[in-house]
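Engineer: For reference, the file protein16.pdb (PDB, C-alpha atoms, pLDDT in the B column) is included below:
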ATOM      1  CA  MET A   1     -67.774 -46.089  65.381  1.00 91.00           C
ATOM      2  CA  LEU A   2     -67.020 -44.050  68.498  1.00 97.00           C
ATOM      3  CA  LYS A   3     -65.886 -46.217  71.423  1.00 98.00           C
ATOM      4  CA  ILE A   4     -65.704 -44.554  74.833  1.00 98.00           C
ATOM      5  CA  SER A   5     -64.015 -46.015  77.883  1.00 98.00           C
ATOM      6  CA  GLU A   6     -65.395 -43.470  80.345  1.00 98.00           C
ATOM      7  CA  ILE A   7     -66.835 -39.977  80.721  1.00 98.00           C
ATOM      8  CA  PHE A   8     -66.467 -38.135  84.022  1.00 97.00           C
ATOM      9  CA  TYR A   9     -66.358 -34.663  85.563  1.00 96.00           C
ATOM     10  CA  SER A  10     -63.288 -33.641  87.564  1.00 96.00           C
ATOM     11  CA  ILE A  11     -60.481 -31.105  87.521  1.00 95.00           C
ATOM     12  CA  GLN A  12     -57.636 -31.117  85.043  1.00 96.00           C
ATOM     13  CA  GLY A  13     -54.645 -32.514  86.915  1.00 95.00           C
ATOM     14  CA  GLU A  14     -51.895 -31.997  84.352  1.00 94.00           C
ATOM     15  CA  GLY A  15     -50.402 -29.449  81.990  1.00 94.00           C
ATOM     16  CA  LYS A  16     -51.210 -25.836  81.258  1.00 96.00           C
ATOM     17  CA  TYR A  17     -54.831 -25.857  82.417  1.00 96.00           C
ATOM     18  CA  VAL A  18     -54.290 -27.712  85.706  1.00 96.00           C
ATOM     19  CA  GLY A  19     -57.108 -27.089  88.170  1.00 96.00           C
ATOM     20  CA  THR A  20     -59.731 -26.330  85.506  1.00 97.00           C
ATOM     21  CA  PRO A  21     -63.125 -28.052  85.929  1.00 96.00           C
ATOM     22  CA  SER A  22     -63.327 -30.460  83.002  1.00 97.00           C
ATOM     23  CA  VAL A  23     -65.374 -33.277  81.541  1.00 97.00           C
ATOM     24  CA  PHE A  24     -63.009 -36.018  80.434  1.00 98.00           C
ATOM     25  CA  VAL A  25     -64.070 -38.038  77.408  1.00 98.00           C
ATOM     26  CA  ARG A  26     -61.742 -41.026  77.367  1.00 98.00           C
ATOM     27  CA  VAL A  27     -61.845 -42.933  74.088  1.00 98.00           C
ATOM     28  CA  GLY A  28     -61.126 -46.621  73.746  1.00 97.00           C
ATOM     29  CA  GLY A  29     -58.147 -47.782  71.703  1.00 96.00           C
ATOM     30  CA  CYS A  30     -54.579 -46.686  71.115  1.00 96.00           C
ATOM     31  CA  ASN A  31     -51.945 -47.176  68.446  1.00 94.00           C
ATOM     32  CA  LEU A  32     -49.167 -47.546  71.058  1.00 92.00           C
ATOM     33  CA  SER A  33     -48.622 -49.991  73.930  1.00 89.00           C
ATOM     34  CA  CYS A  34     -45.971 -48.197  76.087  1.00 91.00           C
ATOM     35  CA  GLN A  35     -45.019 -51.304  78.062  1.00 87.00           C
ATOM     36  CA  GLY A  36     -42.061 -49.427  79.521  1.00 82.00           C
ATOM     37  CA  PHE A  37     -44.370 -47.631  81.949  1.00 86.00           C
ATOM     38  CA  GLY A  38     -44.856 -50.990  83.637  1.00 79.00           C
ATOM     39  CA  ILE A  39     -48.485 -50.843  84.803  1.00 82.00           C
ATOM     40  CA  ARG A  40     -49.692 -54.440  85.185  1.00 89.00           C
ATOM     41  CA  VAL A  41     -53.389 -55.254  85.102  1.00 88.00           C
ATOM     42  CA  LYS A  42     -55.237 -58.566  85.108  1.00 85.00           C
ATOM     43  CA  LYS A  43     -57.924 -59.110  82.479  1.00 83.00           C
ATOM     44  CA  GLY A  44     -59.418 -62.528  82.807  1.00 83.00           C
ATOM     45  CA  ASP A  45     -56.504 -64.956  82.991  1.00 84.00           C
ATOM     46  CA  LYS A  46     -54.097 -62.585  81.208  1.00 85.00           C
ATOM     47  CA  GLU A  47     -51.715 -60.004  82.602  1.00 89.00           C
ATOM     48  CA  ILE A  48     -51.486 -56.896  80.423  1.00 90.00           C
ATOM     49  CA  VAL A  49     -48.640 -54.388  80.694  1.00 89.00           C
ATOM     50  CA  GLY A  50     -48.824 -50.757  79.601  1.00 87.00           C
ATOM     51  CA  CYS A  51     -49.632 -47.232  80.778  1.00 90.00           C
ATOM     52  CA  ASP A  52     -51.831 -46.068  83.663  1.00 86.00           C
ATOM     53  CA  SER A  53     -54.845 -45.835  81.346  1.00 91.00           C
ATOM     54  CA  ILE A  54     -54.356 -49.334  79.997  1.00 92.00           C
ATOM     55  CA  TYR A  55     -58.083 -50.032  80.459  1.00 93.00           C
ATOM     56  CA  ALA A  56     -58.727 -47.464  77.712  1.00 92.00           C
ATOM     57  CA  ALA A  57     -55.686 -48.163  75.552  1.00 93.00           C
ATOM     58  CA  ASN A  58     -55.729 -51.937  75.228  1.00 92.00           C
ATOM     59  CA  ALA A  59     -58.384 -53.681  73.136  1.00 92.00           C
ATOM     60  CA  ALA A  60     -58.566 -56.486  75.692  1.00 92.00           C
ATOM     61  CA  PHE A  61     -60.834 -54.142  77.661  1.00 93.00           C
ATOM     62  CA  SER A  62     -63.140 -53.357  74.715  1.00 94.00           C
ATOM     63  CA  ASP A  63     -66.012 -55.236  76.349  1.00 94.00           C
ATOM     64  CA  GLU A  64     -66.081 -52.392  78.916  1.00 95.00           C
ATOM     65  CA  TRP A  65     -66.279 -49.621  76.321  1.00 97.00           C
ATOM     66  CA  VAL A  66     -69.538 -47.936  75.288  1.00 97.00           C
ATOM     67  CA  VAL A  67     -70.350 -47.297  71.616  1.00 98.00           C
ATOM     68  CA  TYR A  68     -71.966 -43.923  70.829  1.00 98.00           C
ATOM     69  CA  LYS A  69     -73.957 -43.938  67.595  1.00 97.00           C
ATOM     70  CA  ASP A  70     -75.219 -40.340  67.477  1.00 97.00           C
ATOM     71  CA  LYS A  71     -73.883 -36.976  68.611  1.00 98.00           C
ATOM     72  CA  GLN A  72     -76.860 -36.123  70.835  1.00 98.00           C
ATOM     73  CA  SER A  73     -76.297 -39.149  73.062  1.00 98.00           C
ATOM     74  CA  LEU A  74     -72.690 -38.066  73.564  1.00 98.00           C
ATOM     75  CA  ILE A  75     -73.720 -34.452  74.233  1.00 97.00           C
ATOM     76  CA  ASP A  76     -76.286 -35.659  76.763  1.00 96.00           C
ATOM     77  CA  ALA A  77     -73.735 -37.898  78.505  1.00 96.00           C
ATOM     78  CA  ILE A  78     -71.307 -34.993  78.887  1.00 96.00           C
ATOM     79  CA  LEU A  79     -73.959 -32.583  80.151  1.00 95.00           C
ATOM     80  CA  HIS A  80     -75.282 -35.194  82.572  1.00 94.00           C
ATOM     81  CA  CYS A  81     -71.865 -35.256  84.283  1.00 93.00           C
ATOM     82  CA  VAL A  82     -72.027 -31.532  85.004  1.00 93.00           C
ATOM     83  CA  GLN A  83     -75.808 -31.085  85.229  1.00 78.00           C
ATOM     84  CA  GLU A  84     -75.449 -27.337  84.715  1.00 71.00           C
ATOM     85  CA  GLU A  85     -74.968 -26.476  81.049  1.00 65.00           C
ATOM     86  CA  ASP A  86     -74.239 -22.798  81.591  1.00 77.00           C
ATOM     87  CA  ILE A  87     -71.266 -23.155  83.963  1.00 86.00           C
ATOM     88  CA  PRO A  88     -67.764 -22.927  82.479  1.00 92.00           C
ATOM     89  CA  PHE A  89     -65.965 -26.229  81.979  1.00 96.00           C
ATOM     90  CA  ASP A  90     -63.507 -27.693  79.511  1.00 97.00           C
ATOM     91  CA  ILE A  91     -63.949 -30.802  77.416  1.00 98.00           C
ATOM     92  CA  VAL A  92     -60.824 -32.976  77.512  1.00 98.00           C
ATOM     93  CA  LEU A  93     -60.491 -35.634  74.826  1.00 98.00           C
ATOM     94  CA  THR A  94     -58.140 -38.275  76.127  1.00 98.00           C
ATOM     95  CA  GLY A  95     -57.634 -41.985  75.923  1.00 94.00           C
ATOM     96  CA  GLY A  96     -56.328 -44.194  74.584  1.00 94.00           C
ATOM     97  CA  GLU A  97     -55.556 -42.052  71.576  1.00 98.00           C
ATOM     98  CA  PRO A  98     -58.327 -39.587  70.606  1.00 98.00           C
ATOM     99  CA  SER A  99     -56.871 -38.714  67.201  1.00 98.00           C
ATOM    100  CA  LEU A 100     -57.877 -42.183  65.988  1.00 98.00           C
ATOM    101  CA  TYR A 101     -61.452 -40.836  66.001  1.00 98.00           C
ATOM    102  CA  PHE A 102     -60.879 -37.483  64.326  1.00 98.00           C
ATOM    103  CA  ARG A 103     -62.985 -38.518  61.326  1.00 98.00           C
ATOM    104  CA  ASP A 104     -65.851 -39.793  63.465  1.00 98.00           C
ATOM    105  CA  GLU A 105     -69.011 -37.756  62.856  1.00 98.00           C
ATOM    106  CA  VAL A 106     -70.403 -38.458  66.332  1.00 98.00           C
ATOM    107  CA  LEU A 107     -67.328 -37.061  68.067  1.00 98.00           C
ATOM    108  CA  LEU A 108     -66.971 -34.113  65.693  1.00 98.00           C
ATOM    109  CA  GLY A 109     -70.657 -33.253  65.930  1.00 98.00           C
ATOM    110  CA  ALA A 110     -70.592 -33.227  69.723  1.00 98.00           C
ATOM    111  CA  CYS A 111     -67.404 -31.164  69.742  1.00 98.00           C
ATOM    112  CA  GLU A 112     -68.957 -28.639  67.371  1.00 98.00           C
ATOM    113  CA  TYR A 113     -71.874 -28.248  69.794  1.00 97.00           C
ATOM    114  CA  PHE A 114     -69.590 -27.486  72.743  1.00 96.00           C
ATOM    115  CA  LEU A 115     -67.400 -25.137  70.724  1.00 98.00           C
ATOM    116  CA  ASP A 116     -70.558 -23.245  69.706  1.00 97.00           C
ATOM    117  CA  HIS A 117     -71.395 -23.013  73.431  1.00 94.00           C
ATOM    118  CA  HIS A 118     -67.957 -21.513  74.185  1.00 94.00           C
ATOM    119  CA  HIS A 119     -66.312 -24.465  75.891  1.00 96.00           C
ATOM    120  CA  ARG A 120     -62.593 -25.001  75.381  1.00 97.00           C
ATOM    121  CA  ILE A 121     -61.788 -28.438  73.970  1.00 98.00           C
ATOM    122  CA  SER A 122     -58.408 -29.882  74.846  1.00 98.00           C
ATOM    123  CA  VAL A 123     -56.848 -32.992  73.362  1.00 98.00           C
ATOM    124  CA  GLU A 124     -54.349 -35.201  75.148  1.00 98.00           C
ATOM    125  CA  SER A 125     -52.560 -37.068  72.359  1.00 98.00           C
ATOM    126  CA  ASN A 126     -49.364 -39.045  71.890  1.00 97.00           C
ATOM    127  CA  GLY A 127     -48.775 -37.073  68.679  1.00 98.00           C
ATOM    128  CA  SER A 128     -47.891 -40.087  66.554  1.00 97.00           C
ATOM    129  CA  VAL A 129     -50.959 -40.161  64.268  1.00 98.00           C
ATOM    130  CA  LEU A 130     -51.011 -38.152  61.040  1.00 98.00           C
ATOM    131  CA  PHE A 131     -54.526 -36.871  60.302  1.00 98.00           C
ATOM    132  CA  ASP A 132     -56.259 -34.200  58.225  1.00 98.00           C
ATOM    133  CA  PHE A 133     -57.439 -31.068  60.009  1.00 98.00           C
ATOM    134  CA  ASN A 134     -60.837 -29.439  59.591  1.00 98.00           C
ATOM    135  CA  PRO A 135     -62.266 -26.243  61.187  1.00 98.00           C
ATOM    136  CA  ILE A 136     -63.448 -28.142  64.271  1.00 98.00           C
ATOM    137  CA  LEU A 137     -60.057 -29.726  64.945  1.00 98.00           C
ATOM    138  CA  GLU A 138     -58.320 -26.409  64.297  1.00 98.00           C
ATOM    139  CA  ALA A 139     -60.160 -24.958  67.312  1.00 98.00           C
ATOM    140  CA  PHE A 140     -58.734 -27.546  69.728  1.00 98.00           C
ATOM    141  CA  SER A 141     -55.925 -27.038  72.214  1.00 98.00           C
ATOM    142  CA  PHE A 142     -53.452 -29.934  71.895  1.00 98.00           C
ATOM    143  CA  THR A 143     -51.238 -31.346  74.630  1.00 98.00           C
ATOM    144  CA  LEU A 144     -48.797 -33.726  72.990  1.00 98.00           C
ATOM    145  CA  SER A 145     -47.475 -36.303  75.401  1.00 96.00           C
ATOM    146  CA  VAL A 146     -44.723 -37.601  73.151  1.00 97.00           C
ATOM    147  CA  LYS A 147     -43.357 -40.892  74.428  1.00 95.00           C
ATOM    148  CA  LEU A 148     -39.606 -41.062  75.037  1.00 94.00           C
ATOM    149  CA  SER A 149     -37.377 -44.128  75.357  1.00 93.00           C
ATOM    150  CA  ASN A 150     -38.669 -44.915  78.857  1.00 90.00           C
ATOM    151  CA  ALA A 151     -41.996 -45.906  77.257  1.00 90.00           C
ATOM    152  CA  LYS A 152     -40.234 -48.627  75.232  1.00 88.00           C
ATOM    153  CA  GLU A 153     -42.416 -47.865  72.215  1.00 84.00           C
ATOM    154  CA  SER A 154     -40.625 -47.825  68.858  1.00 80.00           C
ATOM    155  CA  ARG A 155     -43.553 -46.194  67.005  1.00 87.00           C
ATOM    156  CA  ALA A 156     -43.835 -43.197  69.315  1.00 93.00           C
ATOM    157  CA  ILE A 157     -41.984 -40.470  67.403  1.00 96.00           C
ATOM    158  CA  ASN A 158     -43.609 -39.193  64.209  1.00 97.00           C
ATOM    159  CA  ILE A 159     -42.139 -35.807  63.296  1.00 98.00           C
ATOM    160  CA  ALA A 160     -44.497 -35.347  60.343  1.00 98.00           C
ATOM    161  CA  ALA A 161     -47.520 -35.881  62.601  1.00 98.00           C
ATOM    162  CA  LEU A 162     -46.192 -33.457  65.222  1.00 98.00           C
ATOM    163  CA  GLN A 163     -45.453 -30.782  62.640  1.00 98.00           C
ATOM    164  CA  ASN A 164     -48.908 -31.213  61.138  1.00 98.00           C
ATOM    165  CA  ILE A 165     -50.454 -30.416  64.520  1.00 98.00           C
ATOM    166  CA  LEU A 166     -48.145 -27.433  65.031  1.00 98.00           C
ATOM    167  CA  ASP A 167     -49.121 -26.124  61.603  1.00 98.00           C
ATOM    168  CA  HIS A 168     -52.880 -26.270  62.154  1.00 98.00           C
ATOM    169  CA  ALA A 169     -53.946 -26.345  65.815  1.00 98.00           C
ATOM    170  CA  ARG A 170     -55.009 -23.259  67.760  1.00 97.00           C
ATOM    171  CA  GLU A 171     -52.624 -24.111  70.603  1.00 98.00           C
ATOM    172  CA  VAL A 172     -49.951 -26.755  71.143  1.00 98.00           C
ATOM    173  CA  ASN A 173     -48.160 -27.802  74.329  1.00 98.00           C
ATOM    174  CA  PHE A 174     -45.676 -30.625  74.790  1.00 98.00           C
ATOM    175  CA  LYS A 175     -45.759 -32.777  77.927  1.00 97.00           C
ATOM    176  CA  PHE A 176     -42.873 -35.167  78.542  1.00 97.00           C
ATOM    177  CA  VAL A 177     -43.256 -37.835  81.246  1.00 95.00           C
ATOM    178  CA  LEU A 178     -39.909 -38.377  82.956  1.00 95.00           C
ATOM    179  CA  ASP A 179     -38.314 -40.405  85.716  1.00 94.00           C
ATOM    180  CA  ARG A 180     -35.257 -39.638  87.831  1.00 94.00           C
ATOM    181  CA  ALA A 181     -32.961 -41.979  85.914  1.00 94.00           C
ATOM    182  CA  MET A 182     -33.669 -40.301  82.556  1.00 94.00           C
ATOM    183  CA  CYS A 183     -33.075 -36.837  84.010  1.00 95.00           C
ATOM    184  CA  GLU A 184     -29.887 -37.652  85.886  1.00 94.00           C
ATOM    185  CA  SER A 185     -28.340 -39.572  82.971  1.00 96.00           C
ATOM    186  CA  GLY A 186     -28.922 -36.666  80.583  1.00 96.00           C
ATOM    187  CA  GLU A 187     -31.025 -38.878  78.311  1.00 96.00           C
ATOM    188  CA  ALA A 188     -34.187 -36.854  78.880  1.00 96.00           C
ATOM    189  CA  GLN A 189     -32.540 -33.595  77.834  1.00 96.00           C
ATOM    190  CA  LYS A 190     -30.978 -35.259  74.784  1.00 97.00           C
ATOM    191  CA  GLU A 191     -34.200 -36.884  73.568  1.00 97.00           C
ATOM    192  CA  ILE A 192     -36.388 -33.833  74.146  1.00 97.00           C
ATOM    193  CA  ASN A 193     -33.987 -31.449  72.436  1.00 97.00           C
ATOM    194  CA  ASP A 194     -33.617 -33.835  69.501  1.00 97.00           C
ATOM    195  CA  ILE A 195     -37.387 -33.859  68.947  1.00 98.00           C
ATOM    196  CA  LEU A 196     -37.862 -30.116  69.355  1.00 98.00           C
ATOM    197  CA  SER A 197     -34.920 -29.265  67.097  1.00 98.00           C
ATOM    198  CA  ARG A 198     -36.750 -30.941  64.196  1.00 98.00           C
ATOM    199  CA  LEU A 199     -39.956 -28.925  64.631  1.00 98.00           C
ATOM    200  CA  CYS A 200     -41.064 -25.404  63.758  1.00 97.00           C
ATOM    201  CA  GLY A 201     -43.862 -23.479  65.423  1.00 97.00           C
ATOM    202  CA  SER A 202     -45.126 -21.997  68.661  1.00 97.00           C
ATOM    203  CA  TYR A 203     -45.477 -24.209  71.749  1.00 98.00           C
ATOM    204  CA  GLU A 204     -44.743 -24.557  75.450  1.00 97.00           C
ATOM    205  CA  VAL A 205     -42.904 -27.478  77.038  1.00 98.00           C
ATOM    206  CA  PHE A 206     -43.980 -29.123  80.299  1.00 98.00           C
ATOM    207  CA  LEU A 207     -42.028 -31.792  82.180  1.00 97.00           C
ATOM    208  CA  MET A 208     -44.133 -34.171  84.276  1.00 95.00           C
ATOM    209  CA  PRO A 209     -43.019 -36.841  86.756  1.00 95.00           C
ATOM    210  CA  LEU A 210     -43.787 -40.474  86.079  1.00 91.00           C
ATOM    211  CA  GLY A 211     -45.792 -42.047  88.879  1.00 90.00           C
ATOM    212  CA  THR A 212     -49.133 -43.299  90.156  1.00 90.00           C
ATOM    213  CA  GLU A 213     -48.491 -42.592  93.853  1.00 91.00           C
ATOM    214  CA  THR A 214     -47.210 -39.585  95.782  1.00 93.00           C
ATOM    215  CA  LYS A 215     -43.866 -41.061  96.837  1.00 93.00           C
ATOM    216  CA  GLU A 216     -42.938 -41.945  93.253  1.00 93.00           C
ATOM    217  CA  LEU A 217     -44.014 -38.511  92.005  1.00 94.00           C
ATOM    218  CA  ASP A 218     -41.889 -36.768  94.639  1.00 94.00           C
ATOM    219  CA  GLU A 219     -38.782 -38.805  93.806  1.00 93.00           C
ATOM    220  CA  ASN A 220     -39.030 -38.047  90.099  1.00 94.00           C
ATOM    221  CA  LEU A 221     -40.125 -34.432  90.566  1.00 94.00           C
ATOM    222  CA  GLU A 222     -36.901 -33.463  92.319  1.00 92.00           C
ATOM    223  CA  ALA A 223     -34.810 -34.427  89.281  1.00 93.00           C
ATOM    224  CA  ILE A 224     -37.311 -32.836  86.878  1.00 96.00           C
ATOM    225  CA  LEU A 225     -37.049 -29.476  88.646  1.00 95.00           C
ATOM    226  CA  LYS A 226     -33.329 -29.329  87.930  1.00 94.00           C
ATOM    227  CA  LEU A 227     -33.805 -30.129  84.248  1.00 95.00           C
ATOM    228  CA  ALA A 228     -36.647 -27.641  83.847  1.00 96.00           C
ATOM    229  CA  MET A 229     -34.611 -24.802  85.361  1.00 95.00           C
ATOM    230  CA  LYS A 230     -31.619 -25.695  83.200  1.00 94.00           C
ATOM    231  CA  GLN A 231     -33.629 -25.798  79.971  1.00 95.00           C
ATOM    232  CA  GLY A 232     -36.250 -23.124  80.675  1.00 96.00           C
ATOM    233  CA  PHE A 233     -39.110 -25.630  80.543  1.00 97.00           C
ATOM    234  CA  ARG A 234     -42.222 -25.596  82.761  1.00 97.00           C
ATOM    235  CA  VAL A 235     -42.956 -28.189  85.449  1.00 96.00           C
ATOM    236  CA  ALA A 236     -46.302 -30.003  85.502  1.00 94.00           C
ATOM    237  CA  ASP A 237     -47.235 -32.148  88.478  1.00 94.00           C
ATOM    238  CA  ARG A 238     -50.024 -34.756  88.570  1.00 93.00           C
ATOM    239  CA  LEU A 239     -52.527 -33.032  90.842  1.00 91.00           C
ATOM    240  CA  HIS A 240     -55.249 -35.646  90.377  1.00 91.00           C
ATOM    241  CA  ILE A 241     -52.932 -38.373  91.682  1.00 90.00           C
ATOM    242  CA  ARG A 242     -52.205 -36.320  94.792  1.00 91.00           C
ATOM    243  CA  LEU A 243     -55.890 -35.597  95.350  1.00 87.00           C
ATOM    244  CA  PHE A 244     -57.549 -38.877  94.400  1.00 89.00           C
ATOM    245  CA  GLY A 245     -54.827 -41.484  93.986  1.00 87.00           C
ATOM    246  CA  ASP A 246     -54.606 -43.750  90.951  1.00 82.00           C
ATOM    247  CA  ARG A 247     -58.362 -44.248  90.551  1.00 83.00           C
ATOM    248  CA  ARG A 248     -60.531 -44.273  87.470  1.00 84.00           C
ATOM    249  CA  GLY A 249     -63.200 -41.667  86.912  1.00 79.00           C
ATOM    250  CA  VAL A 250     -61.707 -38.844  88.992  1.00 76.00           C
TER     251      VAL A 250
END
Now that the file is in, can you turn its structure into structure tokens?

Structural biologist:
Amino acid sequence: MLKISEIFYSIQGEGKYVGTPSVFVRVGGCNLSCQGFGIRVKKGDKEIVGCDSIYAANAAFSDEWVVYKDKQSLIDAILHCVQEEDIPFDIVLTGGEPSLYFRDEVLLGACEYFLDHHHRISVESNGSVLFDFNPILEAFSFTLSVKLSNAKESRAINIAALQNILDHAREVNFKFVLDRAMCESGEAQKEINDILSRLCGSYEVFLMPLGTETKELDENLEAILKLAMKQGFRVADRLHIRLFGDRRGV
């Protein structure tokens, strides 16, 4: 059963395809909690701690999610965002964790439609779920936002799952979310190199600052620049935060 937190049309703010007009399909549910990122949100009388998309990741918000029961309704919802089917735009599967739905016929059927109509489909995944590939999934571009120790999530690193994606996906990029402390202590370099040394395949590495406001991004970005130049990695900002702030649906 496909559960969707939100669908909206915007520009890609992160990673390799930053600036690309995209329809974001944000699924509901995640296998990680990432309380180390420290975003606090009230739901009823409870305070929930997690990432900046906690409203999609945490099941406490499931009453806000929409269930799609057939592929045409999902196709229609995506096209309604853009209103012009023949213009170029990407589909970005995000969450939550989209790979939890990679056996869902509604999601796969809608993705097949957009692939047939020459739209690139990108997946933003934590890379911790091991799943079987099929021809539809093999056509996706994967950005793997692997969670490091600053996420405080013990289940985050799954080398077998990462290698599976490297072995089968059309394109793979890694995106590591870092703060100043991790960069300056050397922990970021150590953790990233440890993960990459255990993998084989073709990929690019992007370093992205942690933050949901401009001041925080700037503080972390300065330290990230030094690490990226030292290691030969690419820098990825959070353009959507700079343009729209930390708001849903943009």

Engineer: Residues near range 81-93 of chain A, anyone? I mean within 8 Å using all atoms listed in the file, not counting same-chain ones fewer than 4 positions away, as a VMD selection string.

Structural biologist: chain A and resid 7 to 9 20 to 27 77 98 119 to 124

Engineer: Can I get the selected residues back with C-alpha atoms, as a PDB file, in the frame of the given file?

Structural biologist:
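out.pdb, freshly written:
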ATOM      1  CA  ILE A   7     -66.835 -39.977  80.721  1.00 98.00           C
ATOM      2  CA  PHE A   8     -66.467 -38.135  84.022  1.00 97.00           C
ATOM      3  CA  TYR A   9     -66.358 -34.663  85.563  1.00 96.00           C
ATOM      4  CA  THR A  20     -59.731 -26.330  85.506  1.00 97.00           C
ATOM      5  CA  PRO A  21     -63.125 -28.052  85.929  1.00 96.00           C
ATOM      6  CA  SER A  22     -63.327 -30.460  83.002  1.00 97.00           C
ATOM      7  CA  VAL A  23     -65.374 -33.277  81.541  1.00 97.00           C
ATOM      8  CA  PHE A  24     -63.009 -36.018  80.434  1.00 98.00           C
ATOM      9  CA  VAL A  25     -64.070 -38.038  77.408  1.00 98.00           C
ATOM     10  CA  ARG A  26     -61.742 -41.026  77.367  1.00 98.00           C
ATOM     11  CA  VAL A  27     -61.845 -42.933  74.088  1.00 98.00           C
ATOM     12  CA  ALA A  77     -73.735 -37.898  78.505  1.00 96.00           C
ATOM     13  CA  PRO A  98     -58.327 -39.587  70.606  1.00 98.00           C
ATOM     14  CA  HIS A 119     -66.312 -24.465  75.891  1.00 96.00           C
ATOM     15  CA  ARG A 120     -62.593 -25.001  75.381  1.00 97.00           C
ATOM     16  CA  ILE A 121     -61.788 -28.438  73.970  1.00 98.00           C
ATOM     17  CA  SER A 122     -58.408 -29.882  74.846  1.00 98.00           C
ATOM     18  CA  VAL A 123     -56.848 -32.992  73.362  1.00 98.00           C
ATOM     19  CA  GLU A 124     -54.349 -35.201  75.148  1.00 98.00           C
TER      20      GLU A 124
END

Engineer: Using only C-alpha atoms, can you tell me which of A:Asp167, A:Glu105, A:Glu213, A:Glu184 comes closest to Lys69 in chain A?

Structural biologist: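 Using only C-alpha atoms, Lys69 in chain A sits closest to A:Glu105.
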
Engineer: Select, counting all atoms listed in the file, all protein, DNA and RNA residues no farther than 12 Å from (-50.7, -20.9, 71.1) in file coordinates, and express the selection as a PyMOL selection string.

Structural biologist: chain A and resi 16+138-143+165-174+201-205

Engineer: What is the CA of Gly109 in chain A to CA of Ser33 in chain A distance in Å?

Structural biologist: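 Between these atoms lies a distance of 28.8 Å.
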
Engineer: Give me, please, the distance in Å between CA of Phe61 in chain A and CA of Leu2 in chain A, quoted to one decimal.

Structural biologist: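 For CA of Phe61 in chain A relative to CA of Leu2 in chain A, the distance reads 15.0 Å.
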
Engineer: Smallest atom-to-atom distance to Met208 in chain A: which of A:Asp52, A:Glu191, A:Glu64, A:Asp179, using only C-alpha atoms?

Structural biologist: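 Closest to Met208 in chain A, using only C-alpha atoms: A:Asp179.
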
Engineer: Please identify all polymer residues within 10 Å of range 216-221 of chain A, counting all atoms listed in the file, omitting same-chain residues fewer than 3 positions from it, and present them as number ranges by chain.

Structural biologist: A: 177-183, 207-213, 224-227, 235-238, 241-242

Engineer: Within 7 Å of (-69.8, -49.4, 73.3), in the coordinates the file gives, what residues turn up when you count only C-alpha atoms, written out as a PyMOL selection string?

Structural biologist: chain A and resi 3-4+65-68

Engineer: Between A:Glu153, A:Glu14, A:Ser5, A:Ala59, which is the closest to His240 in chain A once you count all atoms listed in the file?

Structural biologist: A:Glu14

Engineer: Show me, as a list in words, the residues that have an atom within 9 Å of Ala110 in chain A when counting all atoms listed in the file, minus same-chain residues fewer than 2 positions from it.

Structural biologist: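 The residues satisfying every condition are Asp70, Lys71, Gln72, Ser73, Leu74, Ile75, Glu105, Val106, Leu107, Leu108, Glu112, Tyr113, Phe114 and Leu115 of chain A.
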
Engineer: Residues of the last selection are to be written out with C-alpha atoms, as a PDB file, in the frame of the given file.

Structural biologist:
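Generated file (part.pdb):
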ATOM      1  CA  ASP A  70     -75.219 -40.340  67.477  1.00 97.00           C
ATOM      2  CA  LYS A  71     -73.883 -36.976  68.611  1.00 98.00           C
ATOM      3  CA  GLN A  72     -76.860 -36.123  70.835  1.00 98.00           C
ATOM      4  CA  SER A  73     -76.297 -39.149  73.062  1.00 98.00           C
ATOM      5  CA  LEU A  74     -72.690 -38.066  73.564  1.00 98.00           C
ATOM      6  CA  ILE A  75     -73.720 -34.452  74.233  1.00 97.00           C
ATOM      7  CA  GLU A 105     -69.011 -37.756  62.856  1.00 98.00           C
ATOM      8  CA  VAL A 106     -70.403 -38.458  66.332  1.00 98.00           C
ATOM      9  CA  LEU A 107     -67.328 -37.061  68.067  1.00 98.00           C
ATOM     10  CA  LEU A 108     -66.971 -34.113  65.693  1.00 98.00           C
ATOM     11  CA  GLU A 112     -68.957 -28.639  67.371  1.00 98.00           C
ATOM     12  CA  TYR A 113     -71.874 -28.248  69.794  1.00 97.00           C
ATOM     13  CA  PHE A 114     -69.590 -27.486  72.743  1.00 96.00           C
ATOM     14  CA  LEU A 115     -67.400 -25.137  70.724  1.00 98.00           C
TER      15      LEU A 115
END

Engineer: Applied to the shown file, which residues does the PyMOL selection byres ((chain A and resi 144) around 6) return, written as number ranges by chain?

Structural biologist: A: 125-127, 143, 145-146, 174-175

Engineer: Smallest atom-to-atom distance to Asp116 in chain A: which of A:Asp194, A:Gly28, A:Lys42, A:Ile136, using all atoms listed in the file?

Structural biologist: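 Answer, going by the shortest atom-to-atom distance: A:Ile136.
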
Engineer: Write out as a PDB file with C-alpha atoms, in the coordinates of the input each polymer residue whose atoms come within 10 Å of Leu239 in chain A, counting all atoms listed in the file; drop sequence neighbours fewer than 5 positions from it.

Structural biologist:
ATOM      1  CA  ILE A  11     -60.481 -31.105  87.521  1.00 95.00           C
ATOM      2  CA  GLN A  12     -57.636 -31.117  85.043  1.00 96.00           C
ATOM      3  CA  GLY A  13     -54.645 -32.514  86.915  1.00 95.00           C
ATOM      4  CA  GLU A  14     -51.895 -31.997  84.352  1.00 94.00           C
ATOM      5  CA  GLY A  15     -50.402 -29.449  81.990  1.00 94.00           C
ATOM      6  CA  VAL A  18     -54.290 -27.712  85.706  1.00 96.00           C
ATOM      7  CA  GLY A  19     -57.108 -27.089  88.170  1.00 96.00           C
ATOM      8  CA  THR A 214     -47.210 -39.585  95.782  1.00 93.00           C
ATOM      9  CA  PHE A 244     -57.549 -38.877  94.400  1.00 89.00           C
ATOM     10  CA  GLY A 245     -54.827 -41.484  93.986  1.00 87.00           C
TER      11      GLY A 245
END

Engineer: Could you work out how far CA of His118 in chain A lies from CA of Asp104 in chain A, giving the answer in Å with one decimal?

Structural biologist: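 Those two atoms sit 21.3 Å apart.
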